[in-house]
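Shown next, in structure tokens, is the structure this report addresses.
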Amino acid sequence: MTTIKIFDTTLRDGEQSPGVNLNQLEKLEIAKQLERLGVDVMEAGFPASSQGDFEAVKKIADTITESSVAALARANKHDIDRAWDAIKGAKKPRIHVFIATSPIHMKDKLKKTPEEVIDIAVKMVSYAKSKCDDIEFSAEDASRSELPFLAEIIEKVIDAGATVINLPDTVGYTTPKEYGEMFKYMKDNVKNIDDVDLSTHCHDDLGMALINSIAGVENGATQVEGTINGIGERAGNVALEELAVTFEIRKDFYPFDTNLTLKEIKRSSDIISKLTGMVVPGNKAVVGRNAFAHEAGIHQDGVLKNAQTYEIITPELVGVTSNSLVLGKHSGRHAFKDKIKQLGFQLDEDKASIAFNQFKQLTDRKKEVTDDDLFVILMDVQTDIKARVQYKLTNFKVTYDSNNSPSASVSLETPKNEIITGEGTGNGSVESLYNTIEQLIEEDIQLTDFTLSSIGRGKDALAEVHVSMTVNKQVVSGRATAQDVLEASANAFINAINRVFIIQADEKE
Ligand SMILES: CC(=O)SCCNC(=O)CCNC(=O)[C@H](O)C(C)(C)COP(=O)(O)OP(=O)(O)OC[C@H]1O[C@@H](n2cnc3c(N)ncnc32)[C@H](O)[C@@H]1OP(=O)(O)O
Ligand SMILES: CC(C)C(=O)C(=O)O
């Protein structure tokens, strides 16, 4: 068995998914979970891209001890300096330098000759090496690059100090045969290739990210890059849980394994889905809600007689447990704290107390409080950064009947602690609320996305709302959970607006 290193880029390429915008505490919470999952390397972000991302990467680097923490940088000194400043406190830091090597990217995007690209790559890998021992070099768009050129640049950056060579299928264009052959070519033609880890990085534009990653591994790659739930730029990256579970279930066929703790997969998937707002489709392999559900009579009959007739993966393998009924109206703080631990959270006293009060409020309105309900409460409290100035929803009312446009009235507490009230209408109840809030808050707000999902299945399930918007051209997302759909909608909208204040404060620091 060869153990394949897992490089998780949920916090970098995953965050490049449209509409995803994580705050510092959210990124940290995901990082902690990735460490529990056992990823060998986590790419925490792209520090040169914003002050907020710099701070988040730094926080992660200063916290994580088991996994290596990587930061992405273009092949220029400024990006490399920012990356190093963010990760130098990490126990195992890695600078990840990339530059494109395909003819189209070099000519039309970088406006550089191939010789100039080699020169920049070598100089920048050496520069990064003068700061950090572990240097990954990515040849962006490798799968559309000319093989002899790719071999030449790789050999030179290895001589300049690269410890990992990544050959991305940046645009999800390649096929398994072609991608595998690229790795074999490098193995056969780059003299010092055995001195480094070779890595895959596959996008899913043609639905082949998993099989392409496996083809890379079969041809010499020792590291796979991807994300949890397969999120990422455009159609996303390879879903790491699918790769790890494939190796586990088909160990009769593939002589590979990973260091992942498979039973942490479900929790990782849930946290990432919740914090990014990217809902996992019910039929998604390994982590979808229906992945272990059997609907058809013949299947149910088979499963009752022997689960293995239709179940190749047990739910327990990936940490799917039955959604046990937990605490209720009469539960106290001790039982609540114990449950917090069981669900894998570490909350300080203040946050535990806020979460306990929210749980108690929920027990007044909801007969059965499940692990899923508690999970969202704990996650919300754990990752809530309070803006120094913020708007709060103090009251709202929506009137709806099938013959008239819905109308809303909303009262908000302003950052100056004044109560402001307004009224408005819209084509639907949510729109009437949003129009009213927009009138009250004098900022330029454009809603770009709205997602509503339910936590749990019953008619008293909690509603979870995610929104993406621009506020004064700043892209921001917001989320909120409540038992009432409209309350969750209003609070998600306000949460996004409040996050702009947090980003502005971060940027000033
Ligand atoms: C394949 C990938 O996923 S790569 C990672 C993609 N991630 C991101 O882009 C993160 C978000 N990006 C950002 O915040 C911004 O694009 C920044 C801060 C990185 C750069 O912003 P700007 O300086 O305004 O540049 P902008 O994004 O418009 O253009 C990119 C510039 O970088 C250059 N560039 C692109 N890749 C590289 C590279 N690997 N090495 C060196 N230069 C590069 C481009 O040629 C262009 O240069 P030019 O201004 O001389 O034409
Ligand atoms: C920066 C590199 C690794 C990348 O994300 C890609 O090529 O898709």
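Simple scheme: letters A, B, ... for chains in structure tokens order, numbers from 1 for residues in each chain, numbers from 1 for ligands in the order shown.
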
Within 8 Å of ligand 2 (only C-alpha atoms and all ligand atoms), residues as an MDAnalysis selection string: chainID A and resid 13 72 97:100 138:142 166:171 201:203 233

Find the residues near segment 460-466 of chain A: any atom within 12 Å, counting only C-alpha atoms, skip ones fewer than 4 places away on the same chain, and give them as a ChimeraX atom specification. /A:19-21,273-279,362-363,365-370,372-377,380,430,447-456,476-496

List every residue of segment 219-444 of chain A that DSSP, applied to the backbone of this structure, assigns to helix (DSSP H, G or I), and report them as a PyMOL selection string. chain A and resi 228-230+240-249+262-276+297-305+307-309+315-318+333-342+349-365+371-382+429-440

Counting only C-alpha atoms, the residue among A:Pro415, A:Gly161, A:Gly216, A:Gly226 that lies closest to Glu181 of chain A is A:Gly216

Got a sec: who's within 10 Å of Ile64 of chain A, counting only C-alpha atoms, leaving out chain neighbours fewer than 6 positions off, as a ChimeraX atom specification? /A:28,31-32,34-35,42,89-92

Measuring between only C-alpha atoms, which one of A:Ile503, A:Ile228, A:Ile193, A:Ile120 shows the shortest distance to Ile385 of chain A? A:Ile503

If DSSP is run on the backbone, what residues of segment 306-467 of chain A are strand (DSSP E or B)? A reply as a PyMOL selection string would be ideal. chain A and resi 325+370+392-401+404-413+419-425+445-455+462-467

Would you kindly return, as a ChimeraX atom specification, each protein, DNA or RNA residue with an atom no farther than 8 Å from any atom of Val471 of chain A, considering only C-alpha atoms and excluding same-chain residues fewer than 4 positions away? /A:443-446,475-476,497,500

Find the residues near Val398 of chain A: any atom within 8 Å, counting only C-alpha atoms, skip ones fewer than 5 places away on the same chain, and give them as a count of residues only. 7

Against segment 101-117 of chain A, which residues of segment 49-96 of chain A fall within 12 Å? For each one I want the closest pair of atoms and the distance in Å (one decimal), counting only C-alpha atoms, rows by chain and increasing residue number, as JSON lines.
```
{"residue": "A:Arg74", "atom": "CA", "partner": "A:Leu110", "partner_atom": "CA", "distance": 11.4}
{"residue": "A:Ala75", "atom": "CA", "partner": "A:Val117", "partner_atom": "CA", "distance": 9.3}
{"residue": "A:Asn76", "atom": "CA", "partner": "A:Val117", "partner_atom": "CA", "distance": 11.5}
```

Closest of A:Lys397, A:Arg289, A:His78, A:Arg36 to Gly344 of chain A - atom-to-atom distances counting only C-alpha atoms: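 Checking each candidate against Gly344 of chain A, we get A:Arg36 as the closest.
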